[in-house]
>>> print(open('input-v7.cif').read())   # mmCIF, N, CA and C atoms
data_data
#
loop_
_atom_site.label_atom_id
_atom_site.label_comp_id
_atom_site.auth_asym_id
_atom_site.auth_seq_id
_atom_site.Cartn_x
_atom_site.Cartn_y
_atom_site.Cartn_z
N GLN A 747 169.67 154.31 144.38
CA GLN A 747 168.66 153.40 144.89
C GLN A 747 167.39 153.47 144.06
N VAL A 748 166.79 152.33 143.86
CA VAL A 748 165.53 152.23 143.13
C VAL A 748 164.54 151.50 144.02
N GLN A 749 163.37 152.06 144.16
CA GLN A 749 162.30 151.39 144.89
C GLN A 749 161.24 150.95 143.91
N LEU A 750 160.77 149.73 144.09
CA LEU A 750 159.80 149.14 143.18
C LEU A 750 158.55 148.75 143.95
N VAL A 751 157.41 149.11 143.40
CA VAL A 751 156.13 148.79 144.04
C VAL A 751 155.21 148.14 143.02
N GLU A 752 154.89 146.87 143.28
CA GLU A 752 154.00 146.13 142.39
C GLU A 752 152.55 146.34 142.80
N SER A 753 151.67 146.20 141.83
CA SER A 753 150.23 146.25 142.08
C SER A 753 149.52 145.47 141.00
N GLY A 754 148.24 145.19 141.22
CA GLY A 754 147.43 144.54 140.21
C GLY A 754 147.17 143.07 140.44
N GLY A 755 147.77 142.50 141.46
CA GLY A 755 147.53 141.09 141.74
C GLY A 755 146.13 140.86 142.27
N GLY A 756 145.74 139.59 142.35
CA GLY A 756 144.42 139.26 142.87
C GLY A 756 144.01 137.87 142.45
N LEU A 757 142.71 137.62 142.57
CA LEU A 757 142.13 136.34 142.20
C LEU A 757 141.56 136.43 140.79
N VAL A 758 141.88 135.46 139.97
CA VAL A 758 141.39 135.43 138.58
C VAL A 758 141.04 134.00 138.23
N GLN A 759 140.03 133.85 137.42
CA GLN A 759 139.61 132.52 137.00
C GLN A 759 140.51 131.98 135.91
N PRO A 760 140.62 130.68 135.81
CA PRO A 760 141.40 130.10 134.71
C PRO A 760 140.88 130.60 133.37
N GLY A 761 141.80 130.96 132.49
CA GLY A 761 141.44 131.50 131.20
C GLY A 761 141.25 133.00 131.20
N GLY A 762 141.27 133.60 132.36
CA GLY A 762 141.06 135.04 132.48
C GLY A 762 142.35 135.83 132.27
N SER A 763 142.23 137.13 132.52
CA SER A 763 143.35 138.04 132.32
C SER A 763 143.57 138.91 133.54
N LEU A 764 144.81 139.37 133.66
CA LEU A 764 145.19 140.25 134.76
C LEU A 764 146.37 141.07 134.27
N ARG A 765 146.46 142.31 134.73
CA ARG A 765 147.63 143.13 134.39
C ARG A 765 148.31 143.59 135.66
N LEU A 766 149.57 143.23 135.77
CA LEU A 766 150.39 143.68 136.88
C LEU A 766 151.15 144.94 136.48
N SER A 767 151.34 145.82 137.46
CA SER A 767 152.12 147.03 137.25
C SER A 767 153.24 147.08 138.28
N CYS A 768 154.31 147.73 137.90
CA CYS A 768 155.43 147.94 138.82
C CYS A 768 155.92 149.37 138.63
N ALA A 769 155.72 150.19 139.64
CA ALA A 769 156.15 151.58 139.59
C ALA A 769 157.51 151.71 140.24
N ALA A 770 158.42 152.40 139.55
CA ALA A 770 159.78 152.55 140.04
C ALA A 770 160.07 154.00 140.39
N SER A 771 160.85 154.18 141.45
CA SER A 771 161.31 155.51 141.80
C SER A 771 162.61 155.81 141.06
N GLY A 772 163.03 157.04 141.07
CA GLY A 772 164.32 157.38 140.48
C GLY A 772 164.21 157.90 139.06
N ARG A 773 165.30 158.56 138.62
CA ARG A 773 165.29 159.21 137.31
C ARG A 773 166.06 158.43 136.26
N THR A 774 166.53 157.21 136.62
CA THR A 774 167.33 156.44 135.67
C THR A 774 166.61 155.17 135.25
N PHE A 775 165.31 155.16 135.32
CA PHE A 775 164.52 153.96 135.03
C PHE A 775 164.85 153.36 133.68
N SER A 776 164.99 154.20 132.66
CA SER A 776 165.19 153.69 131.30
C SER A 776 166.50 152.92 131.15
N ARG A 777 167.44 153.12 132.06
CA ARG A 777 168.72 152.43 131.96
C ARG A 777 168.64 150.98 132.41
N TYR A 778 167.59 150.64 133.14
CA TYR A 778 167.51 149.32 133.75
C TYR A 778 166.76 148.33 132.87
N THR A 779 167.25 147.11 132.89
CA THR A 779 166.45 145.99 132.44
C THR A 779 165.45 145.69 133.55
N MET A 780 164.19 145.56 133.18
CA MET A 780 163.14 145.27 134.16
C MET A 780 162.65 143.84 133.96
N GLY A 781 162.50 143.15 135.06
CA GLY A 781 162.09 141.76 134.98
C GLY A 781 160.93 141.44 135.91
N TRP A 782 160.23 140.38 135.54
CA TRP A 782 159.22 139.81 136.42
C TRP A 782 159.63 138.37 136.74
N PHE A 783 159.59 138.05 138.01
CA PHE A 783 159.84 136.70 138.48
C PHE A 783 158.63 136.27 139.30
N ARG A 784 158.52 135.00 139.56
CA ARG A 784 157.43 134.52 140.40
C ARG A 784 157.89 133.35 141.26
N GLN A 785 157.18 133.18 142.36
CA GLN A 785 157.47 132.06 143.25
C GLN A 785 156.15 131.46 143.68
N GLY A 786 155.90 130.25 143.19
CA GLY A 786 154.69 129.54 143.55
C GLY A 786 154.85 128.80 144.86
N PRO A 787 153.76 128.28 145.40
CA PRO A 787 153.81 127.56 146.67
C PRO A 787 154.76 126.36 146.59
N GLY A 788 155.72 126.34 147.48
CA GLY A 788 156.66 125.24 147.53
C GLY A 788 157.64 125.18 146.38
N LYS A 789 157.74 126.27 145.63
CA LYS A 789 158.62 126.28 144.46
C LYS A 789 159.73 127.31 144.60
N GLU A 790 160.74 127.16 143.77
CA GLU A 790 161.80 128.15 143.71
C GLU A 790 161.31 129.37 142.90
N ARG A 791 161.95 130.50 143.14
CA ARG A 791 161.64 131.68 142.33
C ARG A 791 162.08 131.43 140.89
N GLU A 792 161.24 131.78 139.94
CA GLU A 792 161.55 131.53 138.55
C GLU A 792 161.31 132.76 137.68
N PHE A 793 162.04 132.81 136.61
CA PHE A 793 161.95 133.91 135.65
C PHE A 793 160.63 133.83 134.89
N VAL A 794 160.02 134.98 134.66
CA VAL A 794 158.79 135.06 133.87
C VAL A 794 159.03 135.84 132.57
N ALA A 795 159.49 137.07 132.71
CA ALA A 795 159.68 137.93 131.54
C ALA A 795 160.60 139.09 131.90
N ALA A 796 161.21 139.67 130.88
CA ALA A 796 162.08 140.83 131.09
C ALA A 796 162.03 141.72 129.87
N ILE A 797 162.37 142.98 130.10
CA ILE A 797 162.39 143.94 129.00
C ILE A 797 163.54 144.91 129.22
N SER A 798 164.37 145.04 128.21
CA SER A 798 165.45 146.02 128.24
C SER A 798 165.10 147.16 127.31
N TRP A 799 165.89 148.22 127.38
CA TRP A 799 165.62 149.35 126.49
C TRP A 799 166.93 150.10 126.23
N SER A 800 167.10 150.51 124.99
CA SER A 800 168.21 151.40 124.66
C SER A 800 167.72 152.36 123.60
N SER A 801 168.36 153.51 123.52
CA SER A 801 167.92 154.56 122.60
C SER A 801 168.12 154.16 121.14
N TRP A 802 169.05 153.22 120.87
CA TRP A 802 169.31 152.87 119.47
C TRP A 802 168.60 151.58 119.04
N ILE A 803 168.18 150.76 120.00
CA ILE A 803 167.47 149.52 119.66
C ILE A 803 166.00 149.60 120.04
N GLY A 804 165.70 150.36 121.08
CA GLY A 804 164.35 150.37 121.61
C GLY A 804 164.20 149.25 122.62
N SER A 805 163.00 148.72 122.75
CA SER A 805 162.73 147.67 123.73
C SER A 805 163.05 146.30 123.16
N ARG A 806 163.54 145.44 124.03
CA ARG A 806 163.78 144.04 123.68
C ARG A 806 163.19 143.19 124.79
N THR A 807 162.41 142.18 124.43
CA THR A 807 161.71 141.39 125.43
C THR A 807 162.21 139.95 125.47
N TYR A 808 162.03 139.34 126.64
CA TYR A 808 162.45 137.97 126.89
C TYR A 808 161.34 137.29 127.68
N TYR A 809 161.08 136.02 127.38
CA TYR A 809 160.01 135.30 128.06
C TYR A 809 160.43 133.89 128.43
N ALA A 810 159.89 133.42 129.54
CA ALA A 810 160.00 132.01 129.87
C ALA A 810 159.10 131.23 128.91
N GLU A 811 159.50 130.02 128.58
CA GLU A 811 158.71 129.21 127.66
C GLU A 811 157.29 128.98 128.17
N SER A 812 157.15 128.90 129.48
CA SER A 812 155.85 128.57 130.07
C SER A 812 154.83 129.69 129.91
N VAL A 813 155.29 130.91 129.60
CA VAL A 813 154.35 132.03 129.48
C VAL A 813 154.36 132.64 128.08
N LYS A 814 155.25 132.18 127.24
CA LYS A 814 155.35 132.75 125.89
C LYS A 814 154.03 132.59 125.15
N GLY A 815 153.57 133.68 124.55
CA GLY A 815 152.30 133.66 123.83
C GLY A 815 151.10 133.98 124.69
N ARG A 816 151.28 133.98 126.02
CA ARG A 816 150.17 134.30 126.93
C ARG A 816 150.42 135.61 127.68
N PHE A 817 151.66 135.85 128.05
CA PHE A 817 152.02 137.04 128.82
C PHE A 817 152.75 138.03 127.93
N THR A 818 152.57 139.31 128.22
CA THR A 818 153.27 140.36 127.49
C THR A 818 153.84 141.36 128.47
N ILE A 819 155.13 141.61 128.37
CA ILE A 819 155.78 142.61 129.20
C ILE A 819 155.94 143.89 128.39
N SER A 820 155.76 145.02 129.03
CA SER A 820 155.95 146.30 128.37
C SER A 820 156.42 147.32 129.40
N ARG A 821 156.89 148.44 128.92
CA ARG A 821 157.38 149.47 129.83
C ARG A 821 157.02 150.86 129.31
N ASP A 822 156.84 151.77 130.24
CA ASP A 822 156.60 153.17 129.92
C ASP A 822 157.69 153.96 130.63
N ASN A 823 158.71 154.36 129.89
CA ASN A 823 159.84 155.05 130.52
C ASN A 823 159.46 156.44 131.02
N ASP A 824 158.45 157.04 130.43
CA ASP A 824 158.00 158.36 130.91
C ASP A 824 157.31 158.25 132.26
N GLU A 825 156.64 157.10 132.49
CA GLU A 825 155.90 156.89 133.73
C GLU A 825 156.69 156.03 134.73
N ASN A 826 157.90 155.62 134.35
CA ASN A 826 158.72 154.76 135.24
C ASN A 826 157.95 153.52 135.67
N THR A 827 157.29 152.89 134.73
CA THR A 827 156.44 151.75 135.06
C THR A 827 156.66 150.61 134.08
N VAL A 828 156.64 149.41 134.59
CA VAL A 828 156.68 148.22 133.76
C VAL A 828 155.41 147.42 134.04
N TYR A 829 154.91 146.79 132.99
CA TYR A 829 153.66 146.06 133.07
C TYR A 829 153.86 144.60 132.69
N LEU A 830 152.98 143.76 133.22
CA LEU A 830 152.92 142.37 132.78
C LEU A 830 151.45 142.04 132.52
N GLN A 831 151.11 141.95 131.25
CA GLN A 831 149.76 141.56 130.86
C GLN A 831 149.70 140.04 130.81
N MET A 832 148.81 139.49 131.62
CA MET A 832 148.69 138.04 131.74
C MET A 832 147.35 137.61 131.16
N ASN A 833 147.40 136.86 130.08
CA ASN A 833 146.19 136.35 129.43
C ASN A 833 146.17 134.83 129.50
N SER A 834 144.97 134.27 129.35
CA SER A 834 144.82 132.81 129.34
C SER A 834 145.53 132.18 130.53
N VAL A 835 145.30 132.73 131.70
CA VAL A 835 146.02 132.26 132.87
C VAL A 835 145.59 130.85 133.24
N LYS A 836 146.53 130.15 133.89
CA LYS A 836 146.32 128.77 134.30
C LYS A 836 146.55 128.67 135.80
N ALA A 837 146.08 127.56 136.38
CA ALA A 837 146.27 127.36 137.82
C ALA A 837 147.75 127.41 138.19
N GLU A 838 148.59 126.91 137.31
CA GLU A 838 150.03 126.89 137.59
C GLU A 838 150.69 128.27 137.54
N ASP A 839 149.93 129.29 137.14
CA ASP A 839 150.44 130.66 137.20
C ASP A 839 150.28 131.27 138.59
N THR A 840 149.63 130.54 139.47
CA THR A 840 149.46 131.02 140.85
C THR A 840 150.82 131.18 141.52
N ALA A 841 151.09 132.37 142.01
CA ALA A 841 152.40 132.66 142.60
C ALA A 841 152.41 134.08 143.13
N VAL A 842 153.45 134.38 143.89
CA VAL A 842 153.77 135.77 144.19
C VAL A 842 154.66 136.27 143.06
N TYR A 843 154.27 137.38 142.47
CA TYR A 843 155.01 137.94 141.35
C TYR A 843 155.84 139.12 141.83
N TYR A 844 157.12 139.08 141.46
CA TYR A 844 158.07 140.10 141.87
C TYR A 844 158.59 140.87 140.67
N CYS A 845 158.69 142.16 140.84
CA CYS A 845 159.30 143.03 139.86
C CYS A 845 160.76 143.26 140.27
N ALA A 846 161.64 143.36 139.28
CA ALA A 846 163.05 143.56 139.59
C ALA A 846 163.69 144.50 138.58
N ALA A 847 164.72 145.19 139.00
CA ALA A 847 165.44 146.13 138.13
C ALA A 847 166.93 145.82 138.21
N GLY A 848 167.58 145.79 137.05
CA GLY A 848 169.00 145.50 137.05
C GLY A 848 169.66 145.90 135.75
N GLY A 849 170.98 145.64 135.67
CA GLY A 849 171.70 146.05 134.48
C GLY A 849 172.63 145.00 133.93
N GLY A 850 172.49 143.77 134.39
CA GLY A 850 173.39 142.72 133.95
C GLY A 850 173.02 142.15 132.60
N PRO A 851 173.87 141.26 132.08
CA PRO A 851 173.72 140.74 130.72
C PRO A 851 172.76 139.56 130.59
N SER A 852 172.24 139.06 131.66
CA SER A 852 171.41 137.84 131.60
C SER A 852 170.04 138.13 132.18
N PRO A 853 169.11 138.57 131.37
CA PRO A 853 167.79 138.99 131.87
C PRO A 853 167.00 137.90 132.58
N ALA A 854 167.28 136.64 132.30
CA ALA A 854 166.51 135.55 132.90
C ALA A 854 167.10 135.07 134.22
N VAL A 855 168.19 135.65 134.63
CA VAL A 855 168.88 135.22 135.84
C VAL A 855 168.63 136.21 136.96
N ALA A 856 168.15 135.70 138.09
CA ALA A 856 167.80 136.58 139.21
C ALA A 856 168.99 137.40 139.71
N ALA A 857 170.16 136.82 139.65
CA ALA A 857 171.35 137.52 140.15
C ALA A 857 171.68 138.76 139.32
N THR A 858 171.09 138.88 138.13
CA THR A 858 171.30 140.07 137.29
C THR A 858 170.73 141.33 137.93
N TYR A 859 169.73 141.13 138.79
CA TYR A 859 168.94 142.25 139.26
C TYR A 859 169.40 142.75 140.62
N ASP A 860 169.43 144.07 140.75
CA ASP A 860 169.91 144.70 141.97
C ASP A 860 168.79 145.11 142.91
N TYR A 861 167.62 145.34 142.35
CA TYR A 861 166.51 145.85 143.16
C TYR A 861 165.27 144.99 142.94
N TRP A 862 164.53 144.79 144.02
CA TRP A 862 163.35 143.94 143.99
C TRP A 862 162.19 144.62 144.70
N GLY A 863 160.99 144.36 144.20
CA GLY A 863 159.79 144.80 144.88
C GLY A 863 159.38 143.80 145.94
N GLN A 864 158.30 144.11 146.61
CA GLN A 864 157.85 143.27 147.72
C GLN A 864 156.97 142.12 147.25
N GLY A 865 156.52 142.17 146.01
CA GLY A 865 155.72 141.09 145.46
C GLY A 865 154.22 141.35 145.53
N THR A 866 153.50 140.75 144.60
CA THR A 866 152.05 140.83 144.58
C THR A 866 151.50 139.44 144.28
N GLN A 867 150.48 139.03 145.03
CA GLN A 867 149.95 137.68 144.92
C GLN A 867 148.98 137.57 143.74
N VAL A 868 149.19 136.54 142.93
CA VAL A 868 148.24 136.20 141.87
C VAL A 868 147.74 134.79 142.14
N THR A 869 146.44 134.66 142.23
CA THR A 869 145.83 133.36 142.47
C THR A 869 144.87 133.05 141.33
N VAL A 870 145.11 131.93 140.68
CA VAL A 870 144.25 131.49 139.58
C VAL A 870 143.40 130.34 140.08
N SER A 871 142.12 130.58 140.18
CA SER A 871 141.23 129.56 140.73
C SER A 871 139.80 129.85 140.32
N SER A 872 139.03 128.79 140.16
CA SER A 872 137.61 128.96 139.85
C SER A 872 136.78 128.92 141.13
#
>>> encode(input="input-v7.cif", output="structure tokens")
Amino acid sequence: QVQLVESGGGLVQPGGSLRLSCAASGRTFSRYTMGWFRQGPGKEREFVAAISWSSWIGSRTYYAESVKGRFTISRDNDENTVYLQMNSVKAEDTAVYYCAAGGGPSPAVAATYDYWGQGTQVTVSS
């Protein structure tokens, strides 16, 4: 079992920055692909970013087109934590952001993930 706890959400102005964190329990964190998804008001849950890791390749990242160049996902395997640095945020980034852990072959697909956090609200507004 893996428990995930997100933090760092809040209110941010358009063009501003925010960093989300997701702390994971367990000793096998490095084996999991970690993902961030979001669900905006009245919208379906959508993929934001993911990061995998292996001892021979290192980290590999994946991004939705809508956040590429603005958001950066990273992980600290020693701290069992994954981060989402959000820069140049827009009103359309407003959503509940969920952290997820899984081991499947499709990092952008929600069904890949076995464990989910409770979510953290991000609101972009002036």
>>> residues_around(input="input-v7.cif", residues="Phe793 (chain A)", least_positions_apart="2", cutoff="6 Å", atoms="all atoms listed in the file", output="JSON, numbers by chain")
{"A": [782, 783, 784, 791, 795, 810, 854]}
>>> resolve_selection(input="input-v7.cif", expression="the PyMOL selection byres (((chain A and resi 763 and name CA) around 10) and name CA)", output="tab-separated table (two decimals) with N, CA and C atoms, in the frame of the given file")
chain	number	residue	atom	x	y	z
A	758	VAL	N	141.88	135.46	139.97
A	758	VAL	CA	141.39	135.43	138.58
A	758	VAL	C	141.04	134.00	138.23
A	759	GLN	N	140.03	133.85	137.42
A	759	GLN	CA	139.61	132.52	137.00
A	759	GLN	C	140.51	131.98	135.91
A	760	PRO	N	140.62	130.68	135.81
A	760	PRO	CA	141.40	130.10	134.71
A	760	PRO	C	140.88	130.60	133.37
A	761	GLY	N	141.80	130.96	132.49
A	761	GLY	CA	141.44	131.50	131.20
A	761	GLY	C	141.25	133.00	131.20
A	762	GLY	N	141.27	133.60	132.36
A	762	GLY	CA	141.06	135.04	132.48
A	762	GLY	C	142.35	135.83	132.27
A	764	LEU	N	144.81	139.37	133.66
A	764	LEU	CA	145.19	140.25	134.76
A	764	LEU	C	146.37	141.07	134.27
A	765	ARG	N	146.46	142.31	134.73
A	765	ARG	CA	147.63	143.13	134.39
A	765	ARG	C	148.31	143.59	135.66
A	816	ARG	N	151.28	133.98	126.02
A	816	ARG	CA	150.17	134.30	126.93
A	816	ARG	C	150.42	135.61	127.68
A	817	PHE	N	151.66	135.85	128.05
A	817	PHE	CA	152.02	137.04	128.82
A	817	PHE	C	152.75	138.03	127.93
A	831	GLN	N	151.11	141.95	131.25
A	831	GLN	CA	149.76	141.56	130.86
A	831	GLN	C	149.70	140.04	130.81
A	832	MET	N	148.81	139.49	131.62
A	832	MET	CA	148.69	138.04	131.74
A	832	MET	C	147.35	137.61	131.16
A	833	ASN	N	147.40	136.86	130.08
A	833	ASN	CA	146.19	136.35	129.43
A	833	ASN	C	146.17	134.83	129.50
A	834	SER	N	144.97	134.27	129.35
A	834	SER	CA	144.82	132.81	129.34
A	834	SER	C	145.53	132.18	130.53
A	835	VAL	N	145.30	132.73	131.70
A	835	VAL	CA	146.02	132.26	132.87
A	835	VAL	C	145.59	130.85	133.24
A	836	LYS	N	146.53	130.15	133.89
A	836	LYS	CA	146.32	128.77	134.30
A	836	LYS	C	146.55	128.67	135.80
A	870	VAL	N	145.11	131.93	140.68
A	870	VAL	CA	144.25	131.49	139.58
A	870	VAL	C	143.40	130.34	140.08
>>> atom_distance(input="input-v7.cif", atom1="CA of Ala856 (chain A)", atom2="CA of Val794 (chain A)")
10.6 Å
>>> atom_distance(input="input-v7.cif", atom1="CA of Thr866 (chain A)", atom2="CA of Asp824 (chain A)")
23.0 Å
>>> residues_around(input="input-v7.cif", residues="Gln785 (chain A)", least_positions_apart="3", cutoff="6.5 Å", atoms="all atoms listed in the file", output="number ranges by chain")
A: 788-792, 840-844
>>> select_by_dssp(input="input-v7.cif", residues="chain A", states="strand (DSSP E)", output="JSON, numbers by chain")
{"A": [750, 751, 752, 753, 756, 757, 758, 764, 765, 766, 767, 768, 769, 770, 779, 780, 781, 782, 783, 784, 785, 792, 793, 794, 795, 796, 797, 798, 799, 800, 804, 805, 806, 807, 808, 809, 817, 818, 819, 820, 821, 822, 827, 828, 829, 830, 831, 832, 841, 842, 843, 844, 845, 846, 847, 848, 859, 860, 861, 862, 866, 867, 868, 869, 870]}
>>> closest_residue(input="input-v7.cif", among="A:Ser820, A:Cys845, A:Glu825, A:Pro851", to="Gln864 (chain A)", atoms="all atoms listed in the file")
A:Cys845
>>> residues_around(input="input-v7.cif", residues="Leu750 (chain A)", least_positions_apart="6", cutoff="6.5 Å", atoms="all atoms listed in the file", output="JSON, numbers by chain")
{"A": [768, 769, 770, 771, 862, 863, 864]}
>>> closest_residue(input="input-v7.cif", among="A:Ser798, A:Val748, A:Lys814, A:Tyr778", to="Tyr861 (chain A)", atoms="only N, CA and C atoms")
A:Val748
>>> decode(input="input-v7.cif", residues="region 829-846 of chain A", atoms="N, CA, C and O atoms", output="PDB file, in the first residue's frame")
ATOM      1  N   TYR A 829       7.237  16.528  -6.990  1.00  0.00           N
ATOM      2  CA  TYR A 829       6.887  17.938  -7.025  1.00  0.00           C
ATOM      3  C   TYR A 829       6.305  18.313  -8.383  1.00  0.00           C
ATOM      4  O   TYR A 829       6.623  17.698  -9.406  1.00  0.00           O
ATOM      5  N   LEU A 830       5.491  19.362  -8.365  1.00  0.00           N
ATOM      6  CA  LEU A 830       5.023  19.961  -9.609  1.00  0.00           C
ATOM      7  C   LEU A 830       5.215  21.471  -9.481  1.00  0.00           C
ATOM      8  O   LEU A 830       4.515  22.130  -8.717  1.00  0.00           O
ATOM      9  N   GLN A 831       6.219  21.973 -10.183  1.00  0.00           N
ATOM     10  CA  GLN A 831       6.460  23.412 -10.219  1.00  0.00           C
ATOM     11  C   GLN A 831       5.606  24.006 -11.325  1.00  0.00           C
ATOM     12  O   GLN A 831       5.742  23.635 -12.485  1.00  0.00           O
ATOM     13  N   MET A 832       4.741  24.925 -10.935  1.00  0.00           N
ATOM     14  CA  MET A 832       3.801  25.535 -11.871  1.00  0.00           C
ATOM     15  C   MET A 832       4.179  26.997 -12.056  1.00  0.00           C
ATOM     16  O   MET A 832       4.125  27.782 -11.119  1.00  0.00           O
ATOM     17  N   ASN A 833       4.586  27.351 -13.255  1.00  0.00           N
ATOM     18  CA  ASN A 833       4.948  28.729 -13.577  1.00  0.00           C
ATOM     19  C   ASN A 833       3.996  29.278 -14.636  1.00  0.00           C
ATOM     20  O   ASN A 833       3.358  28.526 -15.367  1.00  0.00           O
ATOM     21  N   SER A 834       3.933  30.600 -14.710  1.00  0.00           N
ATOM     22  CA  SER A 834       3.086  31.265 -15.719  1.00  0.00           C
ATOM     23  C   SER A 834       1.685  30.679 -15.725  1.00  0.00           C
ATOM     24  O   SER A 834       1.133  30.361 -16.789  1.00  0.00           O
ATOM     25  N   VAL A 835       1.106  30.558 -14.550  1.00  0.00           N
ATOM     26  CA  VAL A 835      -0.195  29.911 -14.447  1.00  0.00           C
ATOM     27  C   VAL A 835      -1.276  30.762 -15.105  1.00  0.00           C
ATOM     28  O   VAL A 835      -1.175  32.002 -15.197  1.00  0.00           O
ATOM     29  N   LYS A 836      -2.311  30.057 -15.559  1.00  0.00           N
ATOM     30  CA  LYS A 836      -3.429  30.690 -16.240  1.00  0.00           C
ATOM     31  C   LYS A 836      -4.721  30.336 -15.508  1.00  0.00           C
ATOM     32  O   LYS A 836      -4.774  29.366 -14.738  1.00  0.00           O
ATOM     33  N   ALA A 837      -5.781  31.085 -15.805  1.00  0.00           N
ATOM     34  CA  ALA A 837      -7.073  30.809 -15.164  1.00  0.00           C
ATOM     35  C   ALA A 837      -7.515  29.370 -15.435  1.00  0.00           C
ATOM     36  O   ALA A 837      -8.108  28.721 -14.567  1.00  0.00           O
ATOM     37  N   GLU A 838      -7.208  28.871 -16.610  1.00  0.00           N
ATOM     38  CA  GLU A 838      -7.619  27.507 -16.964  1.00  0.00           C
ATOM     39  C   GLU A 838      -6.840  26.424 -16.227  1.00  0.00           C
ATOM     40  O   GLU A 838      -7.163  25.240 -16.344  1.00  0.00           O
ATOM     41  N   ASP A 839      -5.826  26.813 -15.460  1.00  0.00           N
ATOM     42  CA  ASP A 839      -5.128  25.850 -14.612  1.00  0.00           C
ATOM     43  C   ASP A 839      -5.856  25.613 -13.290  1.00  0.00           C
ATOM     44  O   ASP A 839      -5.456  24.754 -12.500  1.00  0.00           O
ATOM     45  N   THR A 840      -6.909  26.372 -13.060  1.00  0.00           N
ATOM     46  CA  THR A 840      -7.697  26.192 -11.841  1.00  0.00           C
ATOM     47  C   THR A 840      -8.301  24.790 -11.810  1.00  0.00           C
ATOM     48  O   THR A 840      -8.991  24.391 -12.749  1.00  0.00           O
ATOM     49  N   ALA A 841      -8.023  24.062 -10.749  1.00  0.00           N
ATOM     50  CA  ALA A 841      -8.487  22.676 -10.656  1.00  0.00           C
ATOM     51  C   ALA A 841      -8.068  22.099  -9.316  1.00  0.00           C
ATOM     52  O   ALA A 841      -7.248  22.686  -8.596  1.00  0.00           O
ATOM     53  N   VAL A 842      -8.616  20.935  -9.013  1.00  0.00           N
ATOM     54  CA  VAL A 842      -8.071  20.109  -7.940  1.00  0.00           C
ATOM     55  C   VAL A 842      -6.984  19.246  -8.562  1.00  0.00           C
ATOM     56  O   VAL A 842      -7.231  18.572  -9.568  1.00  0.00           O
ATOM     57  N   TYR A 843      -5.814  19.285  -7.971  1.00  0.00           N
ATOM     58  CA  TYR A 843      -4.675  18.537  -8.489  1.00  0.00           C
ATOM     59  C   TYR A 843      -4.455  17.294  -7.642  1.00  0.00           C
ATOM     60  O   TYR A 843      -4.379  17.361  -6.413  1.00  0.00           O
ATOM     61  N   TYR A 844      -4.343  16.171  -8.346  1.00  0.00           N
ATOM     62  CA  TYR A 844      -4.179  14.879  -7.691  1.00  0.00           C
ATOM     63  C   TYR A 844      -2.829  14.266  -8.030  1.00  0.00           C
ATOM     64  O   TYR A 844      -2.399  14.283  -9.181  1.00  0.00           O
ATOM     65  N   CYS A 845      -2.214  13.700  -7.030  1.00  0.00           N
ATOM     66  CA  CYS A 845      -0.990  12.943  -7.196  1.00  0.00           C
ATOM     67  C   CYS A 845      -1.356  11.459  -7.299  1.00  0.00           C
ATOM     68  O   CYS A 845      -2.305  11.007  -6.648  1.00  0.00           O
ATOM     69  N   ALA A 846      -0.617  10.733  -8.121  1.00  0.00           N
ATOM     70  CA  ALA A 846      -0.917   9.314  -8.295  1.00  0.00           C
ATOM     71  C   ALA A 846       0.370   8.511  -8.433  1.00  0.00           C
ATOM     72  O   ALA A 846       1.384   9.034  -8.913  1.00  0.00           O
TER      73      ALA A 846
END
